[in-house]
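Structure data (compact mmCIF, C-alpha atoms and all ligand atoms) from run03.txt:
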# COMPACT_ATOMS: atom_id res chain seq x y z
CA MET A 768 -10.03 -80.73 -9.66
CA ARG A 769 -10.15 -77.98 -7.05
CA ILE A 770 -9.74 -74.58 -8.64
CA VAL A 771 -8.89 -71.53 -6.57
CA ARG A 772 -8.75 -67.85 -7.36
CA PHE A 773 -6.21 -66.13 -5.16
CA SER A 774 -4.21 -63.05 -4.47
CA PRO A 775 -0.51 -63.33 -3.84
CA SER A 776 -0.39 -59.75 -2.58
CA ALA A 777 -1.28 -60.65 1.02
CA ALA A 778 1.46 -63.21 1.00
CA ASP A 779 5.20 -63.38 0.71
CA PRO A 780 6.17 -60.57 -1.72
CA SER A 781 9.06 -62.70 -2.94
CA LEU A 782 6.49 -64.82 -4.79
CA ASN A 783 6.52 -61.98 -7.32
CA LEU A 784 3.36 -63.08 -9.04
CA GLY A 785 1.92 -59.65 -9.84
CA THR A 786 -1.12 -58.07 -8.27
CA ASP A 787 -4.09 -59.35 -10.31
CA PRO A 788 -6.03 -62.36 -9.02
CA LEU A 789 -4.48 -65.63 -10.14
CA PHE A 790 -5.97 -69.06 -10.62
CA GLY A 791 -4.63 -72.45 -9.74
CA VAL A 792 -5.35 -76.08 -9.05
CA VAL A 793 -5.03 -77.23 -5.44
CA ALA A 794 -3.46 -80.51 -4.44
CA GLU A 795 -1.92 -81.51 -1.13
CA GLY A 796 -1.59 -78.02 0.30
CA ALA A 797 -0.07 -76.50 -2.83
CA ILE A 798 -1.44 -74.50 -5.72
CA ALA A 799 -0.29 -75.24 -9.26
CA VAL A 800 -0.72 -71.84 -10.89
CA ILE A 801 -2.53 -71.79 -14.24
CA THR A 802 -2.67 -69.18 -16.98
CA GLY A 803 -5.76 -67.00 -16.94
CA ASP A 804 -9.28 -67.81 -15.84
CA PRO A 805 -10.17 -71.48 -16.37
CA LEU A 806 -13.77 -70.53 -17.15
CA TYR A 807 -12.58 -68.90 -20.37
CA SER A 808 -9.14 -70.24 -21.12
CA GLY A 809 -8.99 -73.83 -19.90
CA ILE A 810 -6.45 -75.35 -17.52
CA LYS A 811 -2.90 -74.54 -18.60
CA PRO A 812 -0.29 -74.86 -15.82
CA THR A 813 2.46 -72.24 -15.76
CA GLY A 814 4.82 -74.59 -13.93
CA GLN A 815 4.78 -72.36 -10.84
CA VAL A 816 3.71 -73.94 -7.54
CA VAL A 817 2.96 -71.99 -4.33
CA PRO A 818 1.96 -73.22 -0.87
CA ILE A 819 -1.72 -72.50 -0.23
CA SER A 820 -0.78 -71.17 3.23
CA GLN A 821 1.12 -68.29 1.62
CA VAL A 822 -1.72 -66.79 -0.41
CA ARG A 823 -5.06 -65.17 0.24
CA LEU A 824 -7.91 -67.17 -1.26
CA LEU A 825 -10.57 -65.07 -3.01
CA ALA A 826 -14.10 -66.04 -4.03
CA PRO A 827 -13.31 -68.79 -6.57
CA VAL A 828 -15.53 -67.06 -9.10
CA LEU A 829 -16.61 -63.45 -9.45
CA PRO A 830 -19.91 -63.75 -11.33
CA ARG A 831 -19.92 -61.65 -14.48
CA SER A 832 -23.57 -60.89 -14.15
CA LYS A 833 -25.54 -62.59 -11.41
CA VAL A 834 -26.10 -64.97 -8.55
CA VAL A 835 -29.45 -66.70 -8.98
CA CYS A 836 -30.93 -68.16 -5.82
CA ILE A 837 -33.62 -70.70 -5.07
CA GLY A 838 -35.90 -69.99 -2.11
CA LYS A 839 -37.54 -72.64 0.06
CA ASN A 840 -35.92 -75.62 -1.63
CA TYR A 841 -35.81 -77.81 1.48
CA ALA A 842 -39.12 -78.82 3.07
CA ASP A 843 -37.95 -78.24 6.65
CA HIS A 844 -36.83 -74.70 5.76
CA ALA A 845 -40.10 -73.91 3.92
CA LYS A 846 -41.92 -75.01 7.07
CA GLU A 847 -39.83 -72.91 9.47
CA MET A 848 -40.51 -69.86 7.25
CA GLY A 849 -44.18 -70.43 7.97
CA GLY A 850 -45.15 -71.58 4.50
CA GLU A 851 -45.97 -74.58 2.42
CA VAL A 852 -43.55 -76.08 -0.07
CA PRO A 853 -43.95 -73.85 -3.15
CA GLU A 854 -45.54 -75.42 -6.25
CA GLU A 855 -42.76 -74.14 -8.50
CA PRO A 856 -39.22 -73.06 -7.57
CA ILE A 857 -38.98 -69.52 -6.21
CA ILE A 858 -36.08 -67.65 -7.76
CA PHE A 859 -34.45 -64.37 -6.84
CA LEU A 860 -31.17 -62.60 -7.52
CA LYS A 861 -28.26 -61.44 -5.44
CA PRO A 862 -26.06 -58.80 -7.12
CA ASN A 863 -22.54 -59.85 -8.03
CA THR A 864 -21.35 -57.03 -5.77
CA SER A 865 -22.49 -59.10 -2.76
CA VAL A 866 -19.82 -61.75 -3.39
CA ILE A 867 -16.90 -62.12 -0.98
CA GLY A 868 -14.36 -64.88 -0.49
CA PRO A 869 -13.27 -67.26 2.27
CA ASP A 870 -12.30 -65.56 5.53
CA ASP A 871 -13.65 -62.20 4.34
CA THR A 872 -15.84 -60.24 6.76
CA ILE A 873 -19.62 -60.11 6.39
CA VAL A 874 -20.53 -56.50 7.17
CA TRP A 875 -23.59 -56.02 9.38
CA PRO A 876 -25.63 -53.18 7.82
CA ALA A 877 -26.59 -50.32 10.14
CA ILE A 878 -30.20 -50.50 8.95
CA SER A 879 -30.72 -54.13 9.99
CA ASP A 880 -31.11 -55.69 13.42
CA ARG A 881 -30.92 -59.32 12.36
CA VAL A 882 -28.40 -60.98 10.05
CA ASP A 883 -28.91 -64.69 9.32
CA TYR A 884 -26.73 -67.42 7.80
CA GLU A 885 -28.08 -69.75 5.10
CA GLY A 886 -25.61 -72.48 4.11
CA GLU A 887 -26.09 -73.60 0.50
CA LEU A 888 -24.59 -75.65 -2.30
CA ALA A 889 -23.50 -73.32 -5.13
CA ILE A 890 -23.40 -74.23 -8.81
CA VAL A 891 -20.88 -72.47 -11.06
CA ILE A 892 -22.06 -72.19 -14.66
CA GLY A 893 -19.47 -72.94 -17.33
CA ARG A 894 -21.07 -71.81 -20.56
CA ILE A 895 -23.61 -69.46 -22.04
CA CYS A 896 -26.96 -71.21 -22.03
CA LYS A 897 -30.71 -70.69 -22.36
CA ASP A 898 -33.64 -73.14 -22.32
CA VAL A 899 -31.52 -76.02 -21.06
CA PRO A 900 -33.47 -79.28 -20.87
CA LYS A 901 -33.07 -81.22 -17.62
CA GLU A 902 -31.19 -83.96 -19.45
CA ARG A 903 -28.54 -81.45 -20.60
CA ALA A 904 -28.11 -79.59 -17.29
CA ASN A 905 -24.79 -81.22 -16.49
CA ASP A 906 -23.32 -79.90 -19.74
CA VAL A 907 -23.56 -76.29 -18.54
CA ILE A 908 -22.08 -76.85 -15.06
CA PHE A 909 -18.43 -75.95 -14.58
CA GLY A 910 -18.33 -77.15 -10.97
CA TYR A 911 -19.58 -76.60 -7.45
CA THR A 912 -18.60 -74.50 -4.49
CA ILE A 913 -20.09 -73.53 -1.12
CA GLY A 914 -22.22 -70.44 -0.55
CA ASN A 915 -23.80 -68.55 2.32
CA ASP A 916 -27.00 -66.70 1.37
CA VAL A 917 -26.61 -64.12 4.14
CA THR A 918 -29.92 -62.41 4.83
CA ALA A 919 -31.06 -59.34 6.76
CA ARG A 920 -34.14 -61.20 7.95
CA ASP A 921 -35.94 -58.19 9.37
CA LEU A 922 -35.67 -56.30 6.08
CA GLN A 923 -36.68 -59.35 4.04
CA LYS A 924 -39.88 -59.60 6.09
CA LYS A 925 -40.52 -55.86 6.11
CA ASP A 926 -40.14 -55.44 2.34
CA GLY A 927 -42.18 -58.44 1.29
CA GLN A 928 -39.58 -59.10 -1.40
CA TRP A 929 -35.99 -59.99 -0.95
CA THR A 930 -33.73 -57.72 -2.94
CA ARG A 931 -32.71 -55.43 -0.09
CA GLY A 932 -32.57 -58.09 2.62
CA LYS A 933 -30.31 -60.34 0.59
CA GLY A 934 -28.48 -57.87 -1.62
CA PHE A 935 -26.07 -56.06 0.69
CA ASP A 936 -22.38 -55.96 -0.15
CA THR A 937 -20.63 -58.95 1.50
CA PHE A 938 -23.88 -60.99 1.74
CA CYS A 939 -22.72 -63.74 -0.62
CA PRO A 940 -19.62 -65.53 0.66
CA LEU A 941 -18.41 -68.16 -1.84
CA GLY A 942 -15.55 -70.65 -1.65
CA PRO A 943 -13.08 -71.94 -0.87
CA TRP A 944 -12.67 -73.45 -4.35
CA ILE A 945 -14.61 -74.82 -7.31
CA GLU A 946 -14.67 -78.61 -7.30
CA THR A 947 -15.13 -79.74 -10.89
CA GLU A 948 -15.66 -83.41 -10.09
CA PHE A 949 -18.28 -83.06 -7.36
CA VAL A 950 -21.45 -85.07 -7.96
CA PRO A 951 -24.33 -83.93 -5.72
CA GLY A 952 -25.95 -86.83 -3.90
CA ASN A 953 -26.80 -87.26 -0.26
CA GLN A 954 -23.76 -85.36 1.05
CA ARG A 955 -24.12 -83.72 4.44
CA ILE A 956 -24.39 -79.92 4.60
CA THR A 957 -23.89 -78.15 7.91
CA THR A 958 -23.70 -74.58 9.12
CA THR A 959 -21.84 -73.92 12.33
CA VAL A 960 -21.92 -70.65 14.25
CA ASN A 961 -19.27 -70.12 16.92
CA GLY A 962 -18.68 -73.86 17.08
CA GLU A 963 -22.35 -74.84 17.40
CA ILE A 964 -24.07 -76.76 14.59
CA LYS A 965 -27.18 -74.83 13.49
CA GLN A 966 -28.09 -76.45 10.18
CA ASP A 967 -27.56 -80.13 9.46
CA GLY A 968 -29.09 -81.49 6.27
CA ARG A 969 -28.45 -83.61 3.21
CA LEU A 970 -28.25 -82.35 -0.36
CA SER A 971 -30.66 -85.14 -1.27
CA ASP A 972 -33.33 -83.31 0.77
CA MET A 973 -33.64 -80.63 -1.92
CA ILE A 974 -37.16 -80.39 -3.32
CA ASN A 975 -35.98 -79.37 -6.79
CA GLY A 976 -32.79 -81.10 -7.89
CA ILE A 977 -29.96 -79.52 -9.87
CA PRO A 978 -31.32 -80.45 -13.36
CA GLU A 979 -34.77 -79.09 -12.50
CA ILE A 980 -33.29 -75.87 -11.13
CA ILE A 981 -31.17 -75.21 -14.23
CA ALA A 982 -34.05 -76.01 -16.58
CA PHE A 983 -36.38 -73.73 -14.61
CA ILE A 984 -34.00 -70.75 -14.44
CA THR A 985 -32.95 -70.94 -18.09
CA GLN A 986 -36.60 -70.85 -19.19
CA VAL A 987 -36.41 -67.30 -17.87
CA MET A 988 -32.89 -65.95 -18.34
CA THR A 989 -29.65 -66.66 -20.13
CA LEU A 990 -26.88 -67.88 -17.86
CA LEU A 991 -23.29 -66.83 -18.53
CA PRO A 992 -20.00 -68.51 -17.67
CA GLY A 993 -19.25 -67.61 -14.06
CA ASP A 994 -22.85 -67.10 -13.05
CA VAL A 995 -23.62 -68.81 -9.76
CA ILE A 996 -26.77 -70.56 -8.57
CA LEU A 997 -27.43 -70.94 -4.84
CA THR A 998 -29.63 -74.00 -4.45
CA GLY A 999 -31.48 -73.24 -1.21
CA THR A 1000 -30.87 -73.81 2.47
CA PRO A 1001 -31.86 -76.62 4.85
CA GLY A 1002 -33.86 -76.00 8.01
CA GLY A 1003 -32.27 -74.42 11.06
CA ILE A 1004 -31.79 -70.85 9.89
CA GLY A 1005 -31.24 -68.18 12.49
CA PRO A 1006 -29.48 -64.97 13.42
CA MET A 1007 -25.80 -64.54 14.08
CA PRO A 1008 -24.51 -62.54 17.04
CA ALA A 1009 -22.03 -59.77 16.23
CA LYS A 1010 -18.52 -61.04 15.49
CA SER A 1011 -19.75 -64.59 14.92
CA VAL A 1012 -17.57 -67.07 13.09
CA VAL A 1013 -19.78 -68.94 10.61
CA THR A 1014 -18.73 -72.06 8.71
CA VAL A 1015 -20.70 -73.80 5.99
CA ALA A 1016 -19.38 -77.30 5.28
CA ILE A 1017 -20.39 -79.72 2.54
CA GLU A 1018 -19.06 -83.26 2.52
CA GLY A 1019 -16.70 -83.71 -0.42
CA LEU A 1020 -16.47 -79.97 -1.07
CA GLY A 1021 -14.82 -78.48 2.00
CA GLU A 1022 -15.57 -75.60 4.34
CA LEU A 1023 -16.32 -71.91 3.90
CA THR A 1024 -15.64 -69.74 6.94
CA ASN A 1025 -16.42 -66.06 7.43
CA ARG A 1026 -16.73 -63.67 10.34
CA LEU A 1027 -19.58 -61.23 10.94
CA SER A 1028 -18.61 -57.67 11.85
CA ASN A 1029 -19.99 -55.66 14.73
CA HIS A 1030 -23.46 -54.19 14.25
CA GLY A 1031 -22.93 -51.37 11.72
MG MG A 1101 -31.22 -68.98 0.61

Output the file's structure as structure tokens, nothing else.
Ligand code: MG
Amino acid sequence: MRIVRFSPSAADPSLNLGTDPLFGVVAEGAIAVITGDPLYSGIKPTGQVVPISQVRLLAPVLPRSKVVCIGKNYADHAKEMGGEVPEEPIIFLKPNTSVIGPDDTIVWPAISDRVDYEGELAIVIGRICKDVPKERANDVIFGYTIGNDVTARDLQKKDGQWTRGKGFDTFCPLGPWIETEFVPGNQRITTTVNGEIKQDGRLSDMINGIPEIIAFITQVMTLLPGDVILTGTPGGIGPMPAKSVVTVAIEGLGELTNRLSNHG
């Protein structure tokens, strides 16, 4: 199932669906609207169907509390960052205020001179959990979407830790939907900037797999429904020129496209 969160307000006002974000299940270019947020209330169709072309897709999940990220989880990326593969996963947080949706604009902060893409597989957590054993990791996953761990690389390097460089508003595009039946394997993941492929990897190249990541994070912190985990980026990172169009694509999941603003 592909679950979208959307706003009808940018669309045909005759849809008359109210102004709050709505949720639906996508099939063949149409959205079957459902009641409430599927993370909390299950999938209950209202009977209303709208063409996907007539709505504005939002980030498919707005994390209640946090986006947890894994650093250096692909060997070729660890190498290009000038380091060895870390012994244990490196985790850090992006604030939920950094989340934007498909086609939203990434805003280039005035205090940075270099804004990078990092295409990543994103896990959406479906239930409250702590100390999840690897064998039970699948039980806490609601589904998967695509993420872009946008990074002010100069500030990341300058600070020696990553909160500022990765925490700006708009620095966590997510979307276009949550795929509940996706099974991570060796699917291709690419990041394209202005039509040129910059990152081209396989999910199977991750150093720590999904069960290991969930077990590791939940040793530390409780995860809540709607929390998101970004699983790391393949090699090929780099800066985006102003007004770039950046697309992260994952085989079987779809494509997430955003535009970078002018230098702030
Ligand atoms: Mg990253």

May I have the protein, DNA and RNA residues with any atom at most 12 Å from the point (-38.3, -76.9, 7.8), counting all atoms listed in the file, written as a CSV table (one decimal) with C-alpha atoms, keeping the file's coordinate frame?
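Listing of part.csv after writing:
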chain,number,residue,atom,x,y,z
A,839,LYS,CA,-37.5,-72.6,0.1
A,840,ASN,CA,-35.9,-75.6,-1.6
A,841,TYR,CA,-35.8,-77.8,1.5
A,842,ALA,CA,-39.1,-78.8,3.1
A,843,ASP,CA,-38.0,-78.2,6.6
A,844,HIS,CA,-36.8,-74.7,5.8
A,845,ALA,CA,-40.1,-73.9,3.9
A,846,LYS,CA,-41.9,-75.0,7.1
A,847,GLU,CA,-39.8,-72.9,9.5
A,848,MET,CA,-40.5,-69.9,7.2
A,849,GLY,CA,-44.2,-70.4,8.0
A,850,GLY,CA,-45.2,-71.6,4.5
A,851,GLU,CA,-46.0,-74.6,2.4
A,852,VAL,CA,-43.6,-76.1,-0.1
A,966,GLN,CA,-28.1,-76.4,10.2
A,967,ASP,CA,-27.6,-80.1,9.5
A,968,GLY,CA,-29.1,-81.5,6.3
A,972,ASP,CA,-33.3,-83.3,0.8
A,973,MET,CA,-33.6,-80.6,-1.9
A,974,ILE,CA,-37.2,-80.4,-3.3
A,999,GLY,CA,-31.5,-73.2,-1.2
A,1000,THR,CA,-30.9,-73.8,2.5
A,1001,PRO,CA,-31.9,-76.6,4.8
A,1002,GLY,CA,-33.9,-76.0,8.0
A,1003,GLY,CA,-32.3,-74.4,11.1
A,1004,ILE,CA,-31.8,-70.8,9.9

Legend entry - Gln928 (chain A) surroundings by all atoms listed in the file, 12 Å radius, close-in-sequence under 5 positions cut, as an MDAnalysis selection string: chainID A and resid 838 857:860 918:923 933:934

Output file for the residues above (C-alpha atoms, as a compact mmCIF listing (two decimals), keeping the file's coordinate frame):
# COMPACT_ATOMS: atom_id res chain seq x y z
CA GLY A 838 -35.90 -69.99 -2.11
CA ILE A 857 -38.98 -69.52 -6.21
CA ILE A 858 -36.08 -67.65 -7.76
CA PHE A 859 -34.45 -64.37 -6.84
CA LEU A 860 -31.17 -62.60 -7.52
CA THR A 918 -29.92 -62.41 4.83
CA ALA A 919 -31.06 -59.34 6.76
CA ARG A 920 -34.14 -61.20 7.95
CA ASP A 921 -35.94 -58.19 9.37
CA LEU A 922 -35.67 -56.30 6.08
CA GLN A 923 -36.68 -59.35 4.04
CA LYS A 933 -30.31 -60.34 0.59
CA GLY A 934 -28.48 -57.87 -1.62

Legend entry - Residue among A:Val834, A:Leu888, A:Ile913, A:Ile878 lying closest to Lys925 (chain A), counting all atoms listed in the file: A:Ile878

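Distance check against ligand MG 1101 (chain A) using all atoms listed in the file: of A:Phe790, A:Phe909, A:Phe773, A:Trp929, the minimum falls on A:Trp929.
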
Inset, instruction - Identify, on the basis of all atoms listed in the file, every residue whose closest approach to Arg955 (chain A) does not exceed 10 Å; exclude the query and any residue fewer than 6 positions from it along the same chain; express the result as number ranges by chain. - result: A: 967-972, 1016-1019

Inset, instruction - Could you give me, as JSON, numbers by chain, the residues within 12 Å of Ile873 (chain A), counting only C-alpha atoms and dropping anything in the same chain fewer than 5 positions from it? - result: {"A": [865, 866, 867, 868, 882, 883, 884, 915, 916, 917, 918, 919, 935, 936, 937, 938, 939, 940, 941, 1007, 1008, 1009, 1010, 1011, 1012, 1013, 1024, 1025, 1026, 1027, 1028, 1029, 1030, 1031]}

Inset, instruction - Could you please determine the separation between CA of Glu979 (chain A) and CA of Ile895 (chain A) in Å, to one decimal place? - result: 17.6 Å

Inset, instruction - Just give me the gap between CA of Thr985 (chain A) and CA of Ile810 (chain A) in Å, one decimal is fine. - result: 26.9 Å

Inset, instruction - For each of A:Ile892, A:Cys836, A:Ile984, A:Val995, take the minimum atom-to-atom distance to ligand MG 1101 (chain A), counting all atoms listed in the file, then give the residue where this is smallest. - result: A:Cys836
